[in-house]
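Chemist: See data.cif below, with mmCIF, C-alpha atoms and all ligand atoms.
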```cif
data_final
loop_
_atom_site.label_atom_id
_atom_site.label_comp_id
_atom_site.auth_asym_id
_atom_site.auth_seq_id
_atom_site.Cartn_x
_atom_site.Cartn_y
_atom_site.Cartn_z
CA MET A 1 19.92 17.66 -18.94
CA THR A 2 17.13 15.09 -19.24
CA ASP A 3 13.45 16.07 -19.18
CA ASN A 4 13.17 14.41 -15.79
CA HIS A 5 16.06 16.46 -14.40
CA LEU A 6 14.46 19.64 -15.63
CA MET A 7 11.15 18.65 -14.05
CA TRP A 8 12.85 17.80 -10.73
CA GLU A 9 14.69 21.13 -10.75
CA ASN A 10 11.47 22.99 -11.44
CA LEU A 11 9.92 21.16 -8.51
CA GLY A 12 12.69 22.53 -6.28
CA MET A 13 14.12 19.08 -5.57
CA ASP A 14 17.63 18.36 -4.37
CA VAL A 15 18.51 16.82 -7.72
CA LYS A 16 22.07 15.91 -6.82
CA THR A 17 21.06 13.83 -3.80
CA HIS A 18 18.11 12.41 -5.71
CA ASP A 19 20.53 11.20 -8.43
CA ILE A 20 22.01 8.79 -5.88
CA LEU A 21 18.59 7.16 -5.48
CA CYS A 22 18.19 7.05 -9.26
CA GLU A 23 21.44 5.12 -9.47
CA VAL A 24 20.61 2.45 -6.87
CA LEU A 25 16.92 1.84 -7.57
CA PRO A 26 17.28 0.25 -11.04
CA GLN A 27 19.95 -2.08 -9.67
CA ALA A 28 17.71 -3.14 -6.77
CA PHE A 29 14.73 -3.58 -9.10
CA GLY A 30 16.83 -5.63 -11.52
CA ASP A 31 18.09 -7.90 -8.73
CA VAL A 32 14.66 -8.56 -7.25
CA TYR A 33 12.48 -8.57 -10.33
CA LEU A 34 14.29 -9.00 -13.60
CA THR A 35 16.12 -12.10 -12.40
CA GLN A 36 12.82 -14.01 -12.21
CA GLU A 37 12.06 -16.60 -14.85
CA ASN A 38 8.84 -17.01 -16.79
CA ARG A 39 7.24 -13.74 -15.71
CA PRO A 40 3.90 -12.93 -17.35
CA ASN A 41 4.20 -10.47 -20.25
CA GLY A 42 1.56 -8.32 -18.56
CA MET A 43 4.22 -7.30 -16.02
CA ASP A 44 5.84 -5.11 -18.70
CA TYR A 45 3.49 -2.25 -17.91
CA PHE A 46 4.27 -2.40 -14.19
CA ASN A 47 8.01 -2.67 -14.91
CA MET A 48 7.73 0.48 -16.98
CA VAL A 49 5.84 2.38 -14.28
CA VAL A 50 8.33 1.48 -11.58
CA GLY A 51 11.31 1.86 -13.92
CA ASP A 52 10.55 5.56 -14.22
CA ILE A 53 8.62 6.01 -11.00
CA HIS A 54 9.86 9.54 -10.36
CA GLY A 55 9.45 10.54 -14.01
CA LEU A 56 6.36 9.21 -15.74
CA ARG A 57 3.60 9.66 -13.18
CA PRO A 58 4.96 12.93 -11.74
CA ALA A 59 5.09 14.40 -15.27
CA GLU A 60 1.51 13.28 -15.81
CA LEU A 61 0.38 14.83 -12.51
CA ILE A 62 2.07 18.15 -13.28
CA LYS A 63 0.42 18.24 -16.70
CA LEU A 64 -3.00 17.64 -15.14
CA GLN A 65 -2.32 20.38 -12.58
CA GLU A 66 -1.17 22.88 -15.19
CA GLU A 67 -3.53 22.13 -18.05
CA GLU A 68 -6.69 21.07 -16.25
CA GLY A 69 -6.25 22.79 -12.89
CA LYS A 70 -6.48 19.45 -11.08
CA LYS A 71 -5.38 19.21 -7.45
CA VAL A 72 -3.21 16.40 -6.15
CA VAL A 73 -3.89 15.03 -2.68
CA GLY A 74 -1.26 12.88 -0.96
CA THR A 75 -2.28 10.31 1.65
CA PHE A 76 -0.47 7.98 4.03
CA CYS A 77 -3.07 5.43 5.04
CA ILE A 78 -5.69 3.19 3.47
CA HIS A 79 -8.34 4.50 5.87
CA VAL A 80 -8.49 7.76 3.91
CA PRO A 81 -11.12 7.35 1.17
CA ASP A 82 -9.78 8.15 -2.32
CA GLU A 83 -13.37 8.30 -3.55
CA VAL A 84 -13.80 11.76 -2.00
CA VAL A 85 -10.86 13.15 -3.97
CA PHE A 86 -11.95 11.52 -7.24
CA ALA A 87 -15.50 12.79 -6.76
CA ALA A 88 -14.19 16.36 -6.54
CA GLY A 89 -12.17 15.93 -9.74
CA GLY A 90 -8.88 15.62 -7.84
CA ILE A 91 -6.10 13.05 -7.94
CA ALA A 92 -5.17 10.92 -4.95
CA THR A 93 -1.69 9.53 -4.52
CA GLY A 94 -0.08 7.40 -1.83
CA LEU A 95 2.98 8.87 -0.13
CA CYS A 96 4.21 6.11 2.21
CA SER A 97 7.87 5.56 1.57
CA GLY A 98 9.66 2.24 1.68
CA SER A 99 13.33 3.07 1.16
CA GLN A 100 16.19 3.38 3.63
CA PHE A 101 17.45 6.20 1.41
CA TRP A 102 14.99 8.58 3.08
CA VAL A 103 15.33 7.36 6.67
CA PRO A 104 18.34 9.51 7.76
CA GLY A 105 16.45 12.62 6.59
CA GLY A 106 13.51 11.59 8.76
CA GLU A 107 15.82 11.04 11.72
CA LYS A 108 16.84 14.70 11.54
CA VAL A 109 13.37 15.66 12.73
CA LEU A 110 12.05 12.50 14.42
CA PRO A 111 13.31 10.24 17.20
CA THR A 112 15.38 7.30 15.94
CA ALA A 113 12.89 5.01 17.69
CA THR A 114 10.21 5.80 15.11
CA CYS A 115 9.13 3.26 12.53
CA PRO A 116 11.04 3.49 9.22
CA LEU A 117 7.86 4.12 7.25
CA ILE A 118 7.24 7.38 9.07
CA LYS A 119 10.90 8.39 9.07
CA ALA A 120 11.24 7.70 5.35
CA SER A 121 8.09 9.68 4.55
CA LEU A 122 9.27 12.75 6.41
CA GLY A 123 12.80 12.32 5.08
CA ALA A 124 11.47 12.24 1.50
CA HIS A 125 9.68 15.51 2.17
CA PHE A 126 12.30 17.45 4.09
CA ASP A 127 15.24 16.26 1.94
CA LYS A 128 13.30 17.29 -1.18
CA THR A 129 14.11 14.00 -2.86
CA CYS A 130 10.67 12.74 -3.84
CA PRO A 131 8.70 14.48 -6.63
CA PHE A 132 5.35 13.26 -5.29
CA PHE A 133 5.84 15.25 -2.08
CA ARG A 134 6.73 18.35 -4.13
CA ILE A 135 3.69 18.01 -6.40
CA CYS A 136 0.95 17.52 -3.80
CA ASP A 137 -1.39 20.41 -3.10
CA LEU A 138 -2.44 18.88 0.20
CA PHE A 139 -1.21 16.14 2.53
CA VAL A 140 -3.81 14.15 4.42
CA GLY A 141 -2.74 12.46 7.62
CA GLU A 142 -4.70 10.40 10.13
CA THR A 143 -4.54 9.60 13.80
CA THR A 144 -3.88 5.88 13.47
CA CYS A 145 -0.69 5.55 15.53
CA ASP A 146 1.22 7.84 17.87
CA GLY A 147 4.24 8.04 15.57
CA LYS A 148 2.16 9.38 12.72
CA LYS A 149 0.16 11.79 14.88
CA LYS A 150 3.28 13.58 16.06
CA ALA A 151 4.95 13.37 12.64
CA TRP A 152 2.02 15.27 11.10
CA GLU A 153 2.64 18.14 13.48
CA ILE A 154 6.19 18.39 12.19
CA LEU A 155 5.18 17.99 8.55
CA SER A 156 2.48 20.63 8.89
CA GLU A 157 5.12 23.23 9.78
CA ASP A 158 6.26 22.98 6.19
CA ALA A 159 3.19 21.99 4.17
CA GLU A 160 -0.57 22.23 4.13
CA MET A 161 -1.99 19.27 6.03
CA TYR A 162 -5.41 18.00 6.83
CA ILE A 163 -5.89 15.39 9.54
CA MET A 164 -8.67 12.83 9.76
CA ASP A 165 -9.34 11.67 13.30
CA ILE A 166 -9.90 7.92 13.03
CA PRO A 167 -11.75 6.23 15.88
CA GLN A 168 -9.79 3.43 17.53
CA MET A 169 -12.79 1.23 18.27
CA LYS A 170 -15.60 -0.04 16.08
CA ARG A 171 -18.73 0.67 18.10
CA PRO A 172 -21.87 2.20 16.53
CA GLN A 173 -20.85 5.66 17.80
CA ASP A 174 -17.43 5.22 16.16
CA PHE A 175 -19.04 4.64 12.79
CA LYS A 176 -21.11 7.80 13.30
CA LYS A 177 -17.94 9.69 14.17
CA TRP A 178 -16.13 8.38 11.07
CA GLU A 179 -19.09 9.41 8.90
CA GLU A 180 -18.72 12.90 10.33
CA GLU A 181 -14.99 12.84 9.57
CA ILE A 182 -15.71 11.83 5.97
CA ARG A 183 -18.25 14.66 5.64
CA ASN A 184 -15.68 17.14 6.92
CA TYR A 185 -13.13 15.69 4.53
CA ILE A 186 -15.55 16.25 1.64
CA THR A 187 -15.84 19.91 2.67
CA LYS A 188 -12.05 20.28 2.79
CA ILE A 189 -11.54 18.62 -0.58
CA GLU A 190 -14.29 20.74 -2.14
CA GLU A 191 -12.50 23.81 -0.82
CA ILE A 192 -9.10 22.72 -2.20
CA THR A 193 -10.37 21.62 -5.61
CA GLY A 194 -13.04 24.28 -6.01
CA ASN A 195 -15.42 21.52 -7.12
CA LYS A 196 -18.55 20.19 -5.48
CA VAL A 197 -18.88 16.51 -4.61
CA THR A 198 -22.24 15.53 -6.07
CA GLU A 199 -24.34 12.38 -5.82
CA GLU A 200 -23.33 11.50 -9.36
CA SER A 201 -19.62 12.16 -8.94
CA LEU A 202 -19.40 10.27 -5.65
CA LYS A 203 -21.31 7.33 -7.07
CA GLU A 204 -18.96 7.23 -10.04
CA ALA A 205 -15.90 7.49 -7.77
CA ILE A 206 -17.15 4.55 -5.69
CA VAL A 207 -17.53 2.45 -8.85
CA ILE A 208 -14.03 3.43 -10.11
CA SER A 209 -12.44 2.46 -6.79
CA ASN A 210 -14.45 -0.76 -6.53
CA ASN A 211 -13.38 -1.75 -10.04
CA LYS A 212 -9.77 -1.32 -9.00
CA ARG A 213 -10.39 -3.49 -5.95
CA LYS A 214 -12.17 -6.14 -8.04
CA ALA A 215 -9.22 -6.31 -10.45
CA LEU A 216 -6.82 -6.76 -7.53
CA GLN A 217 -9.07 -9.44 -6.04
CA ARG A 218 -9.11 -11.20 -9.38
CA LEU A 219 -5.32 -11.08 -9.39
CA ASN A 220 -5.05 -12.37 -5.83
CA ASN A 221 -7.39 -15.27 -6.60
CA PHE A 222 -4.74 -16.77 -8.90
CA ARG A 223 -2.55 -17.18 -5.84
CA LYS A 224 -5.05 -19.65 -4.37
CA LEU A 225 -4.28 -22.14 -7.16
CA ASP A 226 -1.97 -25.12 -6.73
CA ASN A 227 -0.10 -23.94 -9.81
CA ILE A 228 0.58 -20.30 -9.03
CA PRO A 229 1.01 -18.41 -12.31
CA ILE A 230 2.60 -15.27 -10.85
CA SER A 231 5.17 -14.66 -8.14
CA GLY A 232 4.40 -13.05 -4.82
CA ARG A 233 6.88 -10.27 -5.46
CA ASP A 234 5.15 -9.36 -8.73
CA VAL A 235 1.79 -9.15 -6.98
CA LEU A 236 3.35 -7.03 -4.25
CA LEU A 237 4.72 -4.63 -6.87
CA ILE A 238 1.27 -4.28 -8.43
CA HIS A 239 -0.27 -3.54 -5.03
CA GLN A 240 2.40 -0.90 -4.40
CA ILE A 241 1.77 0.75 -7.79
CA ALA A 242 -1.98 0.80 -7.04
CA PHE A 243 -1.32 3.69 -4.65
CA TYR A 244 0.18 5.93 -7.36
CA ASP A 245 -1.27 5.10 -10.71
CA ASP A 246 -4.32 6.45 -12.49
CA PRO A 247 -7.07 4.15 -11.13
CA THR A 248 -8.87 3.48 -14.41
CA ARG A 249 -5.72 2.73 -16.40
CA PHE A 250 -4.37 0.63 -13.53
CA THR A 251 -7.58 -1.44 -13.42
CA GLU A 252 -7.37 -2.03 -17.15
CA MET A 253 -3.73 -3.16 -16.95
CA VAL A 254 -4.39 -5.51 -14.00
CA ASN A 255 -7.34 -7.06 -15.83
CA LYS A 256 -5.22 -7.47 -18.96
CA LEU A 257 -2.59 -9.27 -16.90
CA CYS A 258 -5.33 -11.44 -15.37
CA ASP A 259 -6.51 -12.45 -18.87
CA GLU A 260 -3.00 -13.75 -19.47
CA LEU A 261 -3.04 -15.51 -16.09
CA ASP A 262 -6.34 -17.17 -17.06
CA LYS A 263 -4.50 -18.82 -19.95
CA ARG A 264 -1.68 -19.85 -17.63
CA LYS A 265 -4.30 -21.33 -15.31
CA GLU A 266 -5.78 -23.41 -18.14
CA GLU A 267 -2.31 -24.63 -19.09
CA GLU A 268 -1.43 -25.24 -15.42
CA VAL A 269 1.63 -23.00 -15.61
CA SER A 270 3.33 -22.26 -12.33
CA VAL A 271 6.24 -19.92 -11.66
CA PHE A 272 7.15 -22.05 -8.64
CA GLU A 273 8.48 -25.57 -8.48
CA LYS A 274 6.15 -28.26 -7.20
CA GLY A 275 6.25 -28.48 -3.42
CA THR A 276 7.25 -24.84 -2.89
CA LYS A 277 6.03 -23.85 0.57
CA ARG A 278 3.16 -21.35 0.60
CA ILE A 279 3.72 -18.40 2.91
CA LEU A 280 1.15 -15.90 4.09
CA LEU A 281 2.56 -12.59 5.31
CA THR A 282 0.75 -10.50 7.88
CA GLY A 283 1.62 -7.26 9.63
CA THR A 284 2.88 -3.79 8.80
CA PRO A 285 2.78 -2.44 5.23
CA LEU A 286 5.54 -2.95 2.65
CA SER A 287 5.68 0.36 0.81
CA ILE A 288 7.50 0.75 -2.47
CA PRO A 289 10.44 -0.11 -2.91
CA ASN A 290 10.47 -2.44 0.09
CA TRP A 291 10.81 -5.85 -1.59
CA LYS A 292 13.26 -7.35 0.88
CA LEU A 293 11.08 -10.04 2.48
CA HIS A 294 9.48 -11.28 -0.71
CA GLN A 295 12.90 -11.63 -2.28
CA ILE A 296 14.28 -13.55 0.71
CA ILE A 297 11.25 -15.84 1.01
CA GLU A 298 11.01 -16.59 -2.70
CA ASN A 299 14.77 -17.18 -2.96
CA SER A 300 14.59 -19.56 0.01
CA GLY A 301 12.13 -22.08 -1.40
CA GLY A 302 8.94 -20.25 -0.44
CA ALA A 303 6.12 -18.60 -2.38
CA VAL A 304 4.34 -15.59 -0.91
CA ILE A 305 0.70 -16.36 -1.62
CA CYS A 306 -1.07 -13.62 0.32
CA GLU A 307 -0.32 -10.42 2.24
CA GLU A 308 -2.70 -9.68 5.09
CA MET A 309 -1.35 -6.15 4.96
CA CYS A 310 -2.31 -2.68 3.79
CA THR A 311 -0.12 -3.31 0.75
CA GLY A 312 -2.16 -6.45 0.07
CA ILE A 313 -5.56 -7.90 0.81
CA ARG A 314 -6.55 -5.19 3.31
CA TYR A 315 -6.39 -2.67 0.48
CA CYS A 316 -8.67 -4.49 -1.92
CA GLU A 317 -10.80 -7.18 -0.28
CA ALA A 318 -13.83 -5.22 0.87
CA LEU A 319 -15.89 -3.22 -1.60
CA VAL A 320 -17.94 -0.12 -0.88
CA ASP A 321 -21.66 -0.85 -1.15
CA GLU A 322 -22.69 0.79 -4.44
CA SER A 323 -26.40 1.04 -3.64
CA GLY A 324 -26.26 4.45 -1.92
CA GLU A 325 -28.64 6.89 -3.61
CA ASN A 326 -27.73 10.13 -1.90
CA ILE A 327 -24.63 11.64 -0.29
CA ASP A 328 -25.68 10.58 3.23
CA GLU A 329 -26.14 6.96 2.22
CA MET A 330 -22.87 6.96 0.28
CA VAL A 331 -20.98 8.45 3.22
CA GLU A 332 -22.48 5.77 5.45
CA ASN A 333 -21.31 3.10 3.01
CA LEU A 334 -17.84 4.62 2.82
CA ALA A 335 -17.63 4.69 6.62
CA GLU A 336 -18.77 1.08 6.81
CA ARG A 337 -16.05 -0.04 4.42
CA TYR A 338 -13.20 2.21 5.54
CA LEU A 339 -13.73 1.71 9.26
CA GLY A 340 -15.45 -1.65 9.44
CA HIS A 341 -13.35 -3.66 7.01
CA ILE A 342 -9.79 -2.50 7.62
CA ASN A 343 -8.25 -4.26 10.56
CA CYS A 344 -5.28 -2.08 11.43
CA ALA A 345 -3.57 -2.79 14.74
CA CYS A 346 -4.56 0.73 15.83
CA PHE A 347 -7.98 -0.69 16.80
CA THR A 348 -8.85 -2.22 20.11
CA PRO A 349 -9.95 -4.94 20.20
CA ASN A 350 -8.82 -6.13 16.78
CA LYS A 351 -9.95 -9.74 16.76
CA ALA A 352 -11.28 -9.43 13.21
CA ARG A 353 -7.68 -9.25 11.99
CA ILE A 354 -6.80 -12.51 13.72
CA ASP A 355 -9.93 -14.17 12.27
CA ASP A 356 -8.93 -12.82 8.85
CA ILE A 357 -5.45 -14.32 9.04
CA ILE A 358 -6.91 -17.75 9.83
CA ARG A 359 -9.52 -17.43 7.07
CA LEU A 360 -6.93 -16.29 4.53
CA ALA A 361 -4.48 -19.01 5.54
CA LYS A 362 -7.20 -21.56 4.71
CA GLU A 363 -8.38 -19.87 1.50
CA TYR A 364 -4.85 -19.50 0.13
CA LYS A 365 -3.75 -22.89 1.50
CA ALA A 366 -0.83 -21.41 3.43
CA ASP A 367 1.75 -23.80 4.83
CA GLY A 368 3.00 -21.14 7.21
CA VAL A 369 2.52 -17.56 8.36
CA ILE A 370 5.20 -14.91 8.84
CA ASP A 371 4.15 -12.04 11.08
CA VAL A 372 6.16 -9.02 9.96
CA ASN A 373 6.80 -6.03 12.13
CA LEU A 374 8.53 -2.84 11.07
CA LYS A 375 10.98 -1.92 13.79
CA PHE A 376 9.51 0.48 16.38
CA CYS A 377 5.91 -0.19 15.35
CA ASN A 378 4.57 -0.77 18.80
CA ILE A 379 0.98 -1.61 17.92
CA TYR A 380 1.69 -4.41 15.42
CA ASP A 381 4.50 -5.68 17.63
CA THR A 382 2.13 -5.97 20.59
CA GLU A 383 -0.60 -7.55 18.47
CA GLY A 384 1.96 -10.20 17.47
CA TYR A 385 1.12 -11.84 20.81
CA PHE A 386 -2.41 -12.62 19.59
CA VAL A 387 -1.28 -13.57 16.09
CA GLU A 388 1.20 -16.16 17.32
CA LYS A 389 -1.21 -17.49 19.96
CA ALA A 390 -4.07 -17.87 17.45
CA MET A 391 -1.81 -19.55 14.87
CA ALA A 392 -0.59 -22.02 17.49
CA GLU A 393 -4.20 -22.81 18.43
CA ALA A 394 -5.17 -23.23 14.77
CA GLY A 395 -2.15 -25.46 14.12
CA ILE A 396 -0.66 -23.07 11.55
CA PRO A 397 3.15 -22.75 11.80
CA CYS A 398 4.09 -19.14 12.41
CA ILE A 399 7.14 -17.00 13.10
CA GLY A 400 7.33 -13.36 13.99
CA ILE A 401 10.08 -11.21 12.53
CA GLU A 402 11.07 -7.62 13.06
CA THR A 403 12.91 -5.74 10.36
CA ASP A 404 13.57 -2.28 8.94
CA TYR A 405 14.55 -0.83 5.57
CA THR A 406 18.28 -1.56 5.87
CA ASP A 407 19.98 -4.67 4.53
CA GLU A 408 21.83 -5.17 7.78
CA ASP A 409 19.60 -8.02 8.91
CA ALA A 410 19.35 -9.68 5.48
CA GLU A 411 21.68 -12.57 6.33
CA GLN A 412 20.00 -13.20 9.66
CA LEU A 413 16.56 -13.12 8.00
CA LYS A 414 17.72 -15.53 5.31
CA THR A 415 18.81 -17.96 8.01
CA ARG A 416 15.61 -17.66 10.04
CA ILE A 417 13.24 -17.72 7.10
CA GLY A 418 15.22 -20.52 5.43
CA ALA A 419 14.98 -22.60 8.62
CA PHE A 420 11.25 -21.87 8.91
CA ILE A 421 10.58 -23.00 5.34
CA GLU A 422 12.77 -26.06 5.88
CA MET A 423 10.76 -26.87 9.00
CA LEU A 424 7.53 -26.70 6.96
CA SER A 425 8.88 -29.49 4.80
S1 LIG A 501 -1.07 -0.21 8.92
FE1 LIG A 501 -2.75 1.03 9.79
S2 LIG A 501 -1.91 3.09 9.80
FE2 LIG A 501 -0.66 1.90 8.37
S3 LIG A 501 -1.61 2.20 6.34
FE3 LIG A 501 -2.48 0.38 7.26
S4 LIG A 501 -4.37 1.09 8.23
FE4 LIG A 501 -3.08 2.88 7.91
S1 LIG A 502 4.00 0.64 10.65
FE1 LIG A 502 3.12 1.00 12.70
S2 LIG A 502 4.28 2.72 13.55
FE2 LIG A 502 4.64 2.68 11.35
S3 LIG A 502 3.11 4.06 10.51
FE3 LIG A 502 2.24 2.02 10.42
S4 LIG A 502 1.09 1.80 12.33
FE4 LIG A 502 2.45 3.57 12.58
#
```
What does the file become when written as structure tokens?
Ligand code: SF4
Ligand code: SF4

Modeler:
Amino acid sequence: MTDNHLMWENLGMDVKTHDILCEVLPQAFGDVYLTQENRPNGMDYFNMVVGDIHGLRPAELIKLQEEEGKKVVGTFCIHVPDEVVFAAGGIATGLCSGSQFWVPGGEKVLPTATCPLIKASLGAHFDKTCPFFRICDLFVGETTCDGKKKAWEILSEDAEMYIMDIPQMKRPQDFKKWEEEIRNYITKIEEITGNKVTEESLKEAIVISNNKRKALQRLNNFRKLDNIPISGRDVLLIHQIAFYDDPTRFTEMVNKLCDELDKRKEEEVSVFEKGTKRILLTGTPLSIPNWKLHQIIENSGGAVICEEMCTGIRYCEALVDESGENIDEMVENLAERYLGHINCACFTPNKARIDDIIRLAKEYKADGVIDVNLKFCNIYDTEGYFVEKAMAEAGIPCIGIETDYTDEDAEQLKTRIGAFIEMLS
């Protein structure tokens, strides 16, 4: 029995079913990632992390729980501020799941007409096939969309959950309300960890998280170049790992990769052929290991140069103002960043997202935009109306696609995306 198997058994996982996932994931990763040519050497670290995704980091988390009494807090949305957990000496980890493997398990407790991200997350929990769900001391949900709201009720029957009530508008009173939610969250996290959030610890946590964002911004900036030194799928992978990894180590590894990309920039190295069409993706998140669209686009003569998504620019673009001197000011700054600068389709109106897509399309010199909707995500699907209208007005070619975690639509997507890229030529 391997060390990982022993760990999974001790976590009470369904090891036999989980073994099936362990068999297919390396194959999928190999097909999407290891077939690429001229990858930067700095990707080795991220390959290693994802290569043993259910082994390395879970083992590290368990060690920190056992030896240092740390608490692990699992979250499902980028509106939930990690800084609060870090400031209380806890560990924050993302739990959104991106594999079809977990969907049938989710469908046992949820309607089929629920988005795959929610179904996979609940499936991973109830099927006992994801170590991160087994390790967490607390799950934190939010009231962003109806599917999630009801899913949390089901999840909370089997686990300790805390829910943050996110406003759905961005008026002054909504910011006040979100500040209050963050204060309540601090109290809950202090209770769980047994540690106080202090001015010093919160300030430090804000800096740690901002440094991670700055490293990701630095990485994304390379995608604005004419010679793009890294593929879109590699950048997506890094964004996905950002949700799980130790933030300080992750920042260091991203910056190390960026140093290598600086050299590539000087030498005008590109991983794409000249004339490759530049595609901006917008829409619902692509949680790990959902690499389907990037693979299709980049195998069809396109380069993904930006993701206006929660697994992309939305996660890292805005920083938290670091000038707060006391807890009240810092909470205000957190609320400003986490409510004001994330343009999820759960908000009404959400014009800032449309403006962002146009701005990003210009900054990253996109030839075309693909608006991605996870099947049964009503809010992003509806907002697609404004995305397509605004792109038409701005003269930016755009198509909307709906997909899920299966491979059933892969051929159809290849045809549609291939034709779109062809049309851009
Ligand atoms: S799409 Fe909305 S609900 Fe989903 S992670 Fe992003 S902000 Fe949260
Ligand atoms: S993709 Fe849409 S439906 Fe699914 S969790 Fe996110 S906001 Fe909710």

Chemist: Looking at A:Pro131, A:Gly98, A:Gly123, A:Pro289, which one is nearest to ligand LIG 502 (chain A), with distances taken over all atoms listed in the file?

Modeler: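 For ligand LIG 502 (chain A), the nearest of the candidates is A:Gly98.
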
Chemist: Tell me which of A:Gly368, A:Pro104, A:Gly301, A:Gly312 sits closest to Val235 of chain A, counting only C-alpha atoms.

Modeler: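 Smallest distance to Val235 of chain A is found for A:Gly312.
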
Chemist: Around (-8.2, -8.1, 10.5) in the file's frame, which residues reach within 6 Å when counting only C-alpha atoms? Return as a PyMOL selection string?

Modeler: chain A and resi 343+352-354+356

Chemist: Pick out the residues no farther than 8 Å from ligand LIG 501 (chain A), counting only C-alpha atoms and all ligand atoms, and list them as JSON, numbers by chain.

Modeler: {"A": [76, 77, 78, 79, 142, 144, 145, 283, 284, 285, 309, 310, 311, 314, 342, 343, 344, 345, 346]}

Chemist: How would the residues just chosen look if you wrote them out with C-alpha atoms as a CSV table (one decimal), keeping the file's coordinate frame?

Modeler:
```csv
chain,number,residue,atom,x,y,z
A,76,PHE,CA,-0.5,8.0,4.0
A,77,CYS,CA,-3.1,5.4,5.0
A,78,ILE,CA,-5.7,3.2,3.5
A,79,HIS,CA,-8.3,4.5,5.9
A,142,GLU,CA,-4.7,10.4,10.1
A,144,THR,CA,-3.9,5.9,13.5
A,145,CYS,CA,-0.7,5.6,15.5
A,283,GLY,CA,1.6,-7.3,9.6
A,284,THR,CA,2.9,-3.8,8.8
A,285,PRO,CA,2.8,-2.4,5.2
A,309,MET,CA,-1.4,-6.2,5.0
A,310,CYS,CA,-2.3,-2.7,3.8
A,311,THR,CA,-0.1,-3.3,0.8
A,314,ARG,CA,-6.6,-5.2,3.3
A,342,ILE,CA,-9.8,-2.5,7.6
A,343,ASN,CA,-8.2,-4.3,10.6
A,344,CYS,CA,-5.3,-2.1,11.4
A,345,ALA,CA,-3.6,-2.8,14.7
A,346,CYS,CA,-4.6,0.7,15.8
```

Chemist: Given the choices A:Asn210, A:Asn299, A:Lys389, A:Gly232, which gets closest to Glu322 of chain A if the distance is worked out from only C-alpha atoms?

Modeler: A:Asn210

Chemist: Leaving out Leu374 of chain A and any residue of its chain fewer than 4 positions from it, which residues lie within 8 Å of it when counting only C-alpha atoms, given as a compact mmCIF listing (two decimals) with C-alpha atoms, keeping the file's coordinate frame?

Modeler:
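selection.txt written:
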```
# COMPACT_ATOMS: atom_id res chain seq x y z
CA CYS A 115 9.13 3.26 12.53
CA PRO A 116 11.04 3.49 9.22
CA LEU A 117 7.86 4.12 7.25
CA THR A 284 2.88 -3.79 8.80
CA GLU A 402 11.07 -7.62 13.06
CA THR A 403 12.91 -5.74 10.36
CA ASP A 404 13.57 -2.28 8.94
```

Chemist: Considering all atoms listed in the file, return as a short mmCIF file (atom, residue, chain, number, x, y, z; two decimals) with C-alpha atoms, in the coordinates of the input whatever protein or nucleic-acid residues lie within 12 Å of segment 135-137 of chain A, sequence-local ones (same chain, fewer than 2 positions apart) excluded.

Modeler:
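Written file, selection-v2.cif:
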```
data_model
loop_
_atom_site.label_atom_id
_atom_site.label_comp_id
_atom_site.auth_asym_id
_atom_site.auth_seq_id
_atom_site.Cartn_x
_atom_site.Cartn_y
_atom_site.Cartn_z
CA MET A 7 11.15 18.65 -14.05
CA TRP A 8 12.85 17.80 -10.73
CA ASN A 10 11.47 22.99 -11.44
CA LEU A 11 9.92 21.16 -8.51
CA GLY A 12 12.69 22.53 -6.28
CA MET A 13 14.12 19.08 -5.57
CA HIS A 54 9.86 9.54 -10.36
CA ARG A 57 3.60 9.66 -13.18
CA PRO A 58 4.96 12.93 -11.74
CA ALA A 59 5.09 14.40 -15.27
CA GLU A 60 1.51 13.28 -15.81
CA LEU A 61 0.38 14.83 -12.51
CA ILE A 62 2.07 18.15 -13.28
CA LYS A 63 0.42 18.24 -16.70
CA LEU A 64 -3.00 17.64 -15.14
CA GLN A 65 -2.32 20.38 -12.58
CA GLU A 66 -1.17 22.88 -15.19
CA GLY A 69 -6.25 22.79 -12.89
CA LYS A 70 -6.48 19.45 -11.08
CA LYS A 71 -5.38 19.21 -7.45
CA VAL A 72 -3.21 16.40 -6.15
CA VAL A 73 -3.89 15.03 -2.68
CA GLY A 74 -1.26 12.88 -0.96
CA THR A 75 -2.28 10.31 1.65
CA VAL A 85 -10.86 13.15 -3.97
CA GLY A 90 -8.88 15.62 -7.84
CA ILE A 91 -6.10 13.05 -7.94
CA ALA A 92 -5.17 10.92 -4.95
CA THR A 93 -1.69 9.53 -4.52
CA GLY A 94 -0.08 7.40 -1.83
CA LEU A 95 2.98 8.87 -0.13
CA HIS A 125 9.68 15.51 2.17
CA LYS A 128 13.30 17.29 -1.18
CA THR A 129 14.11 14.00 -2.86
CA CYS A 130 10.67 12.74 -3.84
CA PRO A 131 8.70 14.48 -6.63
CA PHE A 132 5.35 13.26 -5.29
CA PHE A 133 5.84 15.25 -2.08
CA PHE A 139 -1.21 16.14 2.53
CA VAL A 140 -3.81 14.15 4.42
CA ALA A 159 3.19 21.99 4.17
CA GLU A 160 -0.57 22.23 4.13
CA MET A 161 -1.99 19.27 6.03
CA TYR A 162 -5.41 18.00 6.83
CA ILE A 189 -11.54 18.62 -0.58
CA GLU A 191 -12.50 23.81 -0.82
CA ILE A 192 -9.10 22.72 -2.20
CA THR A 193 -10.37 21.62 -5.61
#
```

Chemist: Point out the residue among A:Leu286, A:Val24, A:Leu216, A:Cys398 with the least atom-to-atom distance to ligand LIG 502 (chain A), counting only C-alpha atoms and all ligand atoms.

Modeler: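 Using only C-alpha atoms and all ligand atoms, the shortest distance to ligand LIG 502 (chain A) belongs to A:Leu286.
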